[in-house]
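Taking it in order: structure first as structure tokens, then the write-up.
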Amino acid sequence: MSEETLADTIHSDFHLNIQTMNNTFSNIHDFKTRVFEIKERKIGITYIDSITNKDIVNGRIVNEIYKLDYKDSIVDIPVANISVTDNFKKIYSGIMDGKVAIFEGNSNIAFLVDTGLFETRSIREPDSEKIVSGSHDGFVESLNKNINILRNRIRTPNLKSEILSVGGGDITTNVSILFLENIANQDVVNLVRKRISSINLENNLTPGKLEEFIEDNSFSPFPQILETERPDRVTANLMDGRIAVLVEGSATVSILPVTFFSFYQSPDDYNTRFILGSFLRIIRLLGFFISISLPSIYIAIVSFHYEVLPYELVTNIKSSLEYVPYPPVVEALIMQLTLELLREAAIRLPTSMAQTVAIVGGLVIGTAIVEANLVSNTMIIVIAITAISSFTVPIHEMSSSIRLLSFPMIFAAALLGLVGIVVGFMFLMIHLVKLESFGAPYFAPLGPIRFSDLKDTIIRVPYWKMKTRPSTAKPINEKQSTGKKGWAEDGE
Amino acid sequence: MMIGKRFFIFIVMLALTGCWDEKLLKDSSLVLSIGIDLAKNNEVKTTTAIRTSRIISGGQSESINYIVEEISNTIRETRLEVDKQIPGVYEQNKLRILLIGDKIASKDLYPYFDVFFRDPRSSLAAKVAVVKGEASEIIKMKKLKENLISEALIDLLKSAEEHTIVPVENQQTILTSMFDVGEDFTLPYMEKLDKDTVKVTGVALFHRRSFTGKTLKGNKPIIFLMAKGEKSKDIKLTERLENKDGRNVKNFVSFSVLKTKRNMNIKMVKGKPAATINLKLFIEINEYPEGSLYGQKEESALNKKVARRIEKEANAMVDTLKSANCDAFGIGRYLIADHHKEWEKLNWDKEYPDMAFKINVKVETVNRGIIQ
């Protein structure tokens, strides 16, 4: 990235070195320089006060420097991590990482001692991905701590973590690629590494921006990279041979490659009995269809084909529709927009206020709008069911995507009725089947059909039955269990 | 860029078509029942019950019916006239019931049904019934036992169908029979008894496309349907025991038929058709005031008595069918299939009323209730 020129090498003049440092870090109030003269040795330390651990700086560095004898080397300072460099660029980035740079006399090398201390919040369960049973920890905004959490779960040297410095100019962000070397496919790892290192962005990097740079199709409504704050989900996906991308300063971990159905899996499925797990899966997939198509089906029926309704229902719906002044599509749009406004408002407000909004929105608007005959009762029910179904998706991003997709379906239904819905679904399916996530077909195992992967898609079979890992990430080691309960053969 | 432009034009063109084929539910006037009668000078009188609702108080509404009557040359013309006087668009695609007055039923029925069969949105599952007197009399009641007339009539017919009192027929099923020379159809028969009572009294017998004026009543419709092999959900019968007269409670037995077995034999005897139906009923005794059924002897005696009684009624029913020239069992259809040469020589309309046709009945008690 940065060519090392001769001008960047450390001078053999102590004062010139300190001068250079002061010039570079001028106007930085917490940049500290301290020069000692001990036993005729000139030693200078420089660091940024606010991001260094004072205990180490005082106790391990300053204290030890005072104790140095004539012949002692700086390397003898009792700290775990000390490196030597002769280049100013390395010193600059080291200082920004919270290291202490030590210059000595007229030597043209400097020492970097790792004393970095960046504040992080404590670990707690992410609000957007709650589960009932299982582990309740979540990632925080520190790359190191996040890797710590993952290493706690996967204790094998095969868990490789590469750090890439991504960015442009002198603004870089540390991005870590995590994978299990004995499972993950090296081709996919190389592809991810290549795409990430190609990013050139002179702005702060967040997982969202990173994903937009590396994903296959940015114009698709479907997320092709799974974002999660749950370590258990990341662990499970790493074990399937997928790759996790962590970005410094963000609690969100990106997992790739994924399929459409990855977004419908939740740790809860595996923490409950498999029958219940399968049931929950089916409920969620049902939620997908309901949230995309229920408003449009309702509109198609009441404005084109109400013959399909039994007459008891048709008279009920008709009496609720009778006095609404506009066509059903306008009703649906009003309700969907109100719902989105409420949702957005509730997210922005503190929890206590959000409840007030919910009451005003849900109860007051809900009843008043019906009594004023602005929206029919049935439409309120339809939109409420739609909203609730869209919230069943375990990953928030997918939930927003499918809610957004219901709008084009509403328009299609208003134009052409059920035919419009068929056309809408046709476009949707064509798109889903065509989509790829890092070489993996997005709609697998249904398109293309992969029978062995169906075991964990619409239903979930007992885990000891899952002999192979899913083939999405083309793992090099597919076997994960024998397909039997080990003890069953002993004739216990 | 080019693709983007084309896509944009495609979307805009879709939107420009507007909602030309939209048919909003809220703008339609739902017709739930229609009565057809013969008016003077061969004109048609239709009586239409239209469902709408009325706001009671904020958001709450109540269903109401209103009735429109119109006389014109054809059904379709009356429909146009009705449409001129009602709010909203006349929509008969939720039609539930079609009542036909006995006068108009006696004429060729098909011309009056044509408009229903021709319209693709028409509700062919609408039930059809023949009414003694004027169909409009029933529709005009507006309410029947506190229920809106259309719902009440449907429920009335449905429960009659479930108890195997009337055949399960609708517009669609009778269409094929209308054009079938080998089989005639039957329809439920309704009567308005007084100011607020309507009763399904039996089955109206048709010949080809017109009502013969003859009906089956009492237990006969049930026996007719059993002999036809059309047992619905349940069958309940009360029969007078043989050789006992008088209105004494002990002279009767009530039972439900759990299962029927029937077969029909059609033979050609000297170029003449002869039909026999063997009917076996498996019954459950519901009420037997006479008393004990303890022994095998009493039971088989009762079986025989009941069988003889039903057989008698069944053959009386056959006589009615023959006199009405209503081939409801579809014997002609069998002849067309199995004895085609002979069939071609037959004049079926003449032959049928005189053919040999017998029903044999056997009864077996399978359940006597929880007392012996």
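In the structure tokens, chains take the letters A, B, ... in the order shown, each chain's residues start at 1, and ligands count up from 1 in the order shown.
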Contacts from chain B to chain A, 8 Å maximum, only C-alpha atoms: show me the residue list as number ranges by chain.
B: 14-15, 18-19, 21-27, 51-53, 58-59, 61-63, 93-94, 121, 123
Write out as a PDB file with C-alpha atoms, in the first residue's frame the residues lying within 10 Å of B:Glu169, counting only C-alpha atoms and excluding same-chain residues fewer than 3 positions away.
```pdb
ATOM      1  CA  ALA B 125     -73.464 -24.148  -7.683  1.00  0.00           C
ATOM      2  CA  ALA B 126     -76.710 -22.290  -7.014  1.00  0.00           C
ATOM      3  CA  LYS B 127     -79.400 -24.649  -5.777  1.00  0.00           C
ATOM      4  CA  VAL B 128     -82.622 -25.004  -7.712  1.00  0.00           C
ATOM      5  CA  ALA B 129     -86.026 -25.813  -6.236  1.00  0.00           C
ATOM      6  CA  GLU B 161     -80.171 -32.794   1.516  1.00  0.00           C
ATOM      7  CA  VAL B 166     -84.189 -34.193  -1.511  1.00  0.00           C
ATOM      8  CA  GLN B 172     -74.730 -27.431 -13.166  1.00  0.00           C
ATOM      9  CA  THR B 173     -75.924 -30.966 -12.424  1.00  0.00           C
ATOM     10  CA  ILE B 174     -79.363 -30.510 -13.966  1.00  0.00           C
ATOM     11  CA  PHE B 185     -83.966 -35.220 -13.132  1.00  0.00           C
ATOM     12  CA  THR B 186     -85.802 -34.375  -9.964  1.00  0.00           C
ATOM     13  CA  LEU B 187     -85.696 -31.223  -7.895  1.00  0.00           C
ATOM     14  CA  PRO B 188     -86.598 -30.327  -4.325  1.00  0.00           C
TER      15      PRO B 188
END
```
To test your reading of the structure, identify every residue in stretch 102-292 of chain B that backbone DSSP assigns to helix (DSSP H, G or I), and report it as a count of residues only.
52
Counting only C-alpha atoms, what is within 8 Å of stretch 142-152 of chain B, bar same-chain residues fewer than 6 positions away, as a PyMOL selection string?
chain B and resi 32-33+49+64-67+96-97+196-198
Store the residues of this selection in a file with N, CA and C atoms, as a CSV table (one decimal), in the first residue's frame.
```csv
chain,number,residue,atom,x,y,z
B,32,LEU,N,-78.5,-12.8,-4.1
B,32,LEU,CA,-78.4,-14.1,-3.5
B,32,LEU,C,-79.5,-15.1,-3.8
B,33,SER,N,-80.7,-14.6,-4.1
B,33,SER,CA,-81.7,-15.6,-4.5
B,33,SER,C,-82.6,-14.9,-5.6
B,49,ALA,N,-83.7,-11.2,-4.6
B,49,ALA,CA,-83.3,-10.7,-3.2
B,49,ALA,C,-81.9,-10.2,-3.3
B,64,ILE,N,-78.9,-6.5,5.4
B,64,ILE,CA,-80.3,-6.4,5.1
B,64,ILE,C,-80.5,-6.9,3.7
B,65,ASN,N,-81.8,-7.2,3.4
B,65,ASN,CA,-82.2,-7.7,2.1
B,65,ASN,C,-83.1,-6.7,1.5
B,66,TYR,N,-83.1,-6.5,0.2
B,66,TYR,CA,-84.2,-5.9,-0.4
B,66,TYR,C,-84.7,-6.6,-1.6
B,67,ILE,N,-85.9,-6.5,-2.0
B,67,ILE,CA,-86.5,-7.4,-3.0
B,67,ILE,C,-86.9,-6.5,-4.2
B,96,ARG,N,-77.2,-18.0,-4.8
B,96,ARG,CA,-77.2,-19.2,-4.0
B,96,ARG,C,-78.4,-20.1,-4.3
B,97,ILE,N,-79.5,-19.5,-4.6
B,97,ILE,CA,-80.7,-20.3,-4.7
B,97,ILE,C,-81.6,-19.7,-5.8
B,196,ASP,N,-95.7,-17.4,7.6
B,196,ASP,CA,-94.3,-17.4,7.8
B,196,ASP,C,-93.7,-18.9,7.9
B,197,THR,N,-94.3,-19.8,7.2
B,197,THR,CA,-93.7,-21.1,7.1
B,197,THR,C,-93.5,-21.6,5.7
B,198,VAL,N,-92.2,-22.0,5.5
B,198,VAL,CA,-91.9,-22.6,4.2
B,198,VAL,C,-91.4,-24.0,4.5
```
Enumerate as a VMD selection string all residues of stretch 186-414 of chain A assigned to strand (DSSP E or B) by DSSP on the backbone, naming them with the chain letters and numbers the document uses.
chain A and resid 226 to 228 243 to 247 253 to 256
Output as a Markdown table one row per residue of stretch 4-120 of chain A within 12 Å of stretch 244-255 of chain A: the closest atom pair and its distance in Å to one decimal place, counting only C-alpha atoms, sorted by chain and residue number ascending.
```
| residue | atom | partner | partner_atom | distance |
| --- | --- | --- | --- | --- |
| A:Asp97 | CA | A:Glu248 | CA | 11.8 |
| A:Phe118 | CA | A:Gly249 | CA | 10.1 |
| A:Glu119 | CA | A:Gly249 | CA | 10.5 |
| A:Thr120 | CA | A:Gly249 | CA | 9.1 |
```
Requested write-out: C-alpha atoms of the selected residues, as a PDB file, in the first residue's frame:
```pdb
ATOM      1  CA  ASP A  97      -3.215   1.471  17.324  1.00  0.00           C
ATOM      2  CA  PHE A 118      -9.842   0.804  23.315  1.00  0.00           C
ATOM      3  CA  GLU A 119     -13.034   0.990  25.307  1.00  0.00           C
ATOM      4  CA  THR A 120     -15.809  -1.462  24.504  1.00  0.00           C
TER       5      THR A 120
END
```
Nearest to B:Phe357 by atom-to-atom distance, counting only C-alpha atoms, from B:Met268, B:Ile370, B:Ile154, B:Ile310:
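Going through B:Met268, B:Ile370, B:Ile154, B:Ile310 one by one, the smallest distance to B:Phe357 is for B:Met268.
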Name all residues at most 12 Å from A:Arg450 (count only C-alpha atoms; drop same-chain ones fewer than 4 positions away) and give them as a ChimeraX atom specification.
/A:441,443-446,454-457,470-472
Identify, on the basis of only C-alpha atoms, every residue whose closest approach to stretch 39-52 of chain A does not exceed 9 Å; exclude the query and any residue fewer than 2 positions from it along the same chain; express the result as a PyMOL selection string.
chain A and resi 14+18+21-22+28-37+54-57+61-62+65+68-70+95-106+114-119
For those residues, write N, CA and C atoms to a file as a compact mmCIF listing (two decimals), in the first residue's frame.
```txt
# COMPACT_ATOMS: atom_id res chain seq x y z
N PHE A 14 18.71 11.62 17.39
CA PHE A 14 17.63 11.48 18.35
C PHE A 14 16.66 12.64 18.30
N ILE A 18 12.53 12.83 17.35
CA ILE A 18 11.48 13.35 18.22
C ILE A 18 10.76 14.51 17.53
N MET A 21 8.36 13.23 14.96
CA MET A 21 7.15 12.74 15.61
C MET A 21 6.24 13.90 16.02
N ASN A 22 6.82 14.91 16.63
CA ASN A 22 6.02 16.05 17.09
C ASN A 22 5.36 16.77 15.93
N ILE A 28 -2.42 17.42 18.16
CA ILE A 28 -3.16 16.32 18.76
C ILE A 28 -2.92 16.43 20.25
N HIS A 29 -3.98 16.81 20.99
CA HIS A 29 -3.75 17.23 22.38
C HIS A 29 -3.29 16.08 23.25
N ASP A 30 -3.72 14.81 22.90
CA ASP A 30 -3.36 13.73 23.79
C ASP A 30 -2.11 12.98 23.32
N PHE A 31 -1.39 13.55 22.34
CA PHE A 31 -0.12 12.95 21.95
C PHE A 31 0.95 13.39 22.94
N LYS A 32 1.61 12.42 23.54
CA LYS A 32 2.59 12.76 24.57
C LYS A 32 3.99 12.32 24.14
N THR A 33 4.95 13.17 24.46
CA THR A 33 6.35 12.81 24.24
C THR A 33 7.09 12.98 25.56
N ARG A 34 7.92 12.01 25.85
CA ARG A 34 8.68 12.19 27.08
C ARG A 34 10.11 11.73 26.83
N VAL A 35 11.04 12.54 27.25
CA VAL A 35 12.45 12.21 27.02
C VAL A 35 13.13 12.00 28.36
N PHE A 36 13.84 10.87 28.44
CA PHE A 36 14.59 10.57 29.68
C PHE A 36 16.07 10.64 29.36
N GLU A 37 16.83 11.01 30.35
CA GLU A 37 18.28 10.87 30.20
C GLU A 37 18.76 10.07 31.38
N LYS A 54 -2.56 2.99 30.80
CA LYS A 54 -1.63 3.74 31.66
C LYS A 54 -0.82 2.82 32.56
N ASP A 55 -1.43 1.71 32.98
CA ASP A 55 -0.71 0.80 33.87
C ASP A 55 0.56 0.29 33.21
N ILE A 56 0.43 -0.04 31.92
CA ILE A 56 1.61 -0.57 31.24
C ILE A 56 2.62 0.54 30.99
N VAL A 57 2.12 1.71 30.56
CA VAL A 57 3.05 2.80 30.26
C VAL A 57 3.83 3.20 31.51
N ILE A 61 6.85 0.40 31.38
CA ILE A 61 7.78 1.08 30.48
C ILE A 61 8.61 2.13 31.23
N VAL A 62 7.93 3.14 31.77
CA VAL A 62 8.67 4.24 32.41
C VAL A 62 9.50 3.70 33.57
N ILE A 65 12.42 1.74 32.32
CA ILE A 65 13.44 2.58 31.68
C ILE A 65 14.35 3.18 32.74
N LEU A 68 17.07 0.83 33.82
CA LEU A 68 18.00 0.31 32.82
C LEU A 68 19.44 0.57 33.20
N ASP A 69 20.24 -0.41 32.93
CA ASP A 69 21.66 -0.27 33.18
C ASP A 69 22.35 0.14 31.89
N TYR A 70 23.65 0.35 31.95
CA TYR A 70 24.36 0.81 30.77
C TYR A 70 24.19 -0.12 29.59
N ILE A 95 1.27 3.87 16.53
CA ILE A 95 0.81 4.83 17.54
C ILE A 95 -0.71 4.97 17.49
N MET A 96 -1.23 4.96 16.28
CA MET A 96 -2.69 5.07 16.17
C MET A 96 -3.39 3.81 16.67
N ASP A 97 -2.65 2.68 16.75
CA ASP A 97 -3.22 1.47 17.32
C ASP A 97 -3.04 1.44 18.84
N GLY A 98 -2.48 2.50 19.40
CA GLY A 98 -2.32 2.58 20.84
C GLY A 98 -0.97 2.09 21.33
N LYS A 99 0.00 1.96 20.40
CA LYS A 99 1.32 1.47 20.83
C LYS A 99 2.18 2.63 21.33
N VAL A 100 3.19 2.28 22.08
CA VAL A 100 4.16 3.27 22.54
C VAL A 100 5.41 3.10 21.70
N ALA A 101 5.89 4.19 21.11
CA ALA A 101 7.13 4.12 20.33
C ALA A 101 8.29 4.59 21.21
N ILE A 102 9.36 3.80 21.23
CA ILE A 102 10.52 4.16 22.06
C ILE A 102 11.71 4.40 21.14
N PHE A 103 12.26 5.62 21.23
CA PHE A 103 13.48 5.94 20.46
C PHE A 103 14.64 5.94 21.44
N GLU A 104 15.78 5.50 20.95
CA GLU A 104 16.93 5.49 21.86
C GLU A 104 18.15 6.10 21.20
N GLY A 105 18.71 7.09 21.86
CA GLY A 105 19.95 7.71 21.44
C GLY A 105 19.98 8.02 19.96
N ASN A 106 21.09 7.77 19.35
CA ASN A 106 21.19 8.07 17.95
C ASN A 106 21.04 6.82 17.10
N ASP A 114 3.15 -2.80 22.56
CA ASP A 114 1.68 -2.80 22.44
C ASP A 114 1.04 -2.48 23.77
N THR A 115 0.42 -1.33 23.84
CA THR A 115 -0.24 -0.93 25.07
C THR A 115 -1.67 -0.48 24.79
N GLY A 116 -2.15 -0.81 23.62
CA GLY A 116 -3.45 -0.28 23.17
C GLY A 116 -4.59 -0.64 24.11
N LEU A 117 -5.44 0.30 24.34
CA LEU A 117 -6.63 0.05 25.17
C LEU A 117 -7.79 0.85 24.59
N PHE A 118 -8.66 0.13 23.87
CA PHE A 118 -9.84 0.80 23.31
C PHE A 118 -11.04 0.37 24.13
N GLU A 119 -11.88 1.31 24.46
CA GLU A 119 -13.03 0.99 25.31
C GLU A 119 -14.10 0.24 24.50
```
May I ask which of the residues B:Glu81, B:Glu137, B:Asp114, B:Glu342 is the closest one to B:Val269, counting only C-alpha atoms?
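Checking each of B:Glu81, B:Glu137, B:Asp114, B:Glu342 against B:Val269, counting only C-alpha atoms, the winner is B:Glu342.
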Any idea what the distance is between atom CA of A:Gln186 and atom CA of A:Pro207?
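Those two atoms sit 22.2 Å apart.
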Expressed in Å to a single decimal, how great is the separation between atom CA of B:Arg247 and atom CA of B:Glu162?
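It comes out at 28.9 Å.
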Fewer than 4 positions away in the same chain doesn't count, so skip those; otherwise give me all residues within 9 Å of stretch 223-226 of chain A, counting only C-alpha atoms, as a ChimeraX atom specification.
/A:211,215-218,253-260,262-263,395,397-398,401,435-438,442
Might you pull out every residue within 12 Å of A:Phe425, with only C-alpha atoms counted and same-chain residues fewer than 2 positions away left off, and present them as a PyMOL selection string?
chain A and resi 289+292-293+296-297+405-406+408-410+412-413+418-423+427-433
Could the residues in this selection be written to a file with N, CA and C atoms, as a compact mmCIF listing (two decimals), in the first residue's frame?
```
# COMPACT_ATOMS: atom_id res chain seq x y z
N PHE A 289 -44.44 -16.31 2.70
CA PHE A 289 -45.47 -16.22 1.66
C PHE A 289 -46.58 -15.26 2.08
N ILE A 292 -45.47 -11.59 1.80
CA ILE A 292 -45.33 -11.09 0.42
C ILE A 292 -46.69 -10.99 -0.26
N SER A 293 -47.54 -11.99 -0.03
CA SER A 293 -48.70 -12.08 -0.91
C SER A 293 -50.06 -11.81 -0.27
N SER A 296 -51.76 -8.53 -1.37
CA SER A 296 -52.06 -8.54 -2.80
C SER A 296 -53.18 -9.52 -3.12
N ILE A 297 -53.19 -10.67 -2.45
CA ILE A 297 -54.26 -11.64 -2.71
C ILE A 297 -55.59 -11.03 -2.30
N LEU A 405 -41.03 -6.02 -0.58
CA LEU A 405 -41.50 -6.74 -1.77
C LEU A 405 -43.01 -6.78 -1.86
N SER A 406 -43.69 -6.62 -0.73
CA SER A 406 -45.15 -6.69 -0.79
C SER A 406 -45.72 -5.51 -1.57
N PRO A 408 -44.59 -3.97 -4.60
CA PRO A 408 -44.81 -4.30 -6.02
C PRO A 408 -45.91 -5.34 -6.23
N MET A 409 -46.02 -6.28 -5.29
CA MET A 409 -47.06 -7.29 -5.44
C MET A 409 -48.44 -6.65 -5.32
N ILE A 410 -48.56 -5.66 -4.42
CA ILE A 410 -49.84 -4.97 -4.27
C ILE A 410 -50.21 -4.28 -5.59
N ALA A 412 -49.13 -5.02 -8.60
CA ALA A 412 -49.42 -6.03 -9.62
C ALA A 412 -50.83 -6.56 -9.46
N ALA A 413 -51.23 -6.80 -8.19
CA ALA A 413 -52.57 -7.33 -7.94
C ALA A 413 -53.62 -6.30 -8.30
N LEU A 418 -55.38 -11.72 -9.78
CA LEU A 418 -54.58 -12.90 -9.47
C LEU A 418 -53.51 -13.15 -10.54
N VAL A 419 -53.84 -12.78 -11.77
CA VAL A 419 -52.85 -12.91 -12.84
C VAL A 419 -51.62 -12.08 -12.50
N GLY A 420 -51.85 -10.88 -11.98
CA GLY A 420 -50.75 -10.01 -11.58
C GLY A 420 -49.89 -10.65 -10.52
N ILE A 421 -50.53 -11.33 -9.56
CA ILE A 421 -49.77 -11.99 -8.50
C ILE A 421 -48.92 -13.10 -9.09
N VAL A 422 -49.50 -13.83 -10.03
CA VAL A 422 -48.74 -14.89 -10.69
C VAL A 422 -47.53 -14.30 -11.40
N VAL A 423 -47.76 -13.20 -12.12
CA VAL A 423 -46.65 -12.56 -12.83
C VAL A 423 -45.60 -12.09 -11.83
N PHE A 427 -41.62 -13.30 -11.64
CA PHE A 427 -40.42 -12.47 -11.65
C PHE A 427 -39.56 -12.75 -10.41
N LEU A 428 -40.23 -12.87 -9.27
CA LEU A 428 -39.53 -13.09 -8.02
C LEU A 428 -38.75 -14.39 -8.05
N MET A 429 -39.41 -15.45 -8.54
CA MET A 429 -38.77 -16.77 -8.57
C MET A 429 -37.62 -16.78 -9.57
N ILE A 430 -37.83 -16.15 -10.73
CA ILE A 430 -36.75 -16.10 -11.71
C ILE A 430 -35.54 -15.42 -11.10
N HIS A 431 -35.80 -14.32 -10.40
CA HIS A 431 -34.70 -13.58 -9.78
C HIS A 431 -34.00 -14.42 -8.72
N LEU A 432 -34.81 -15.07 -7.86
CA LEU A 432 -34.23 -15.86 -6.76
C LEU A 432 -33.38 -17.00 -7.29
N VAL A 433 -33.86 -17.64 -8.34
CA VAL A 433 -33.14 -18.80 -8.86
C VAL A 433 -31.86 -18.37 -9.56
```
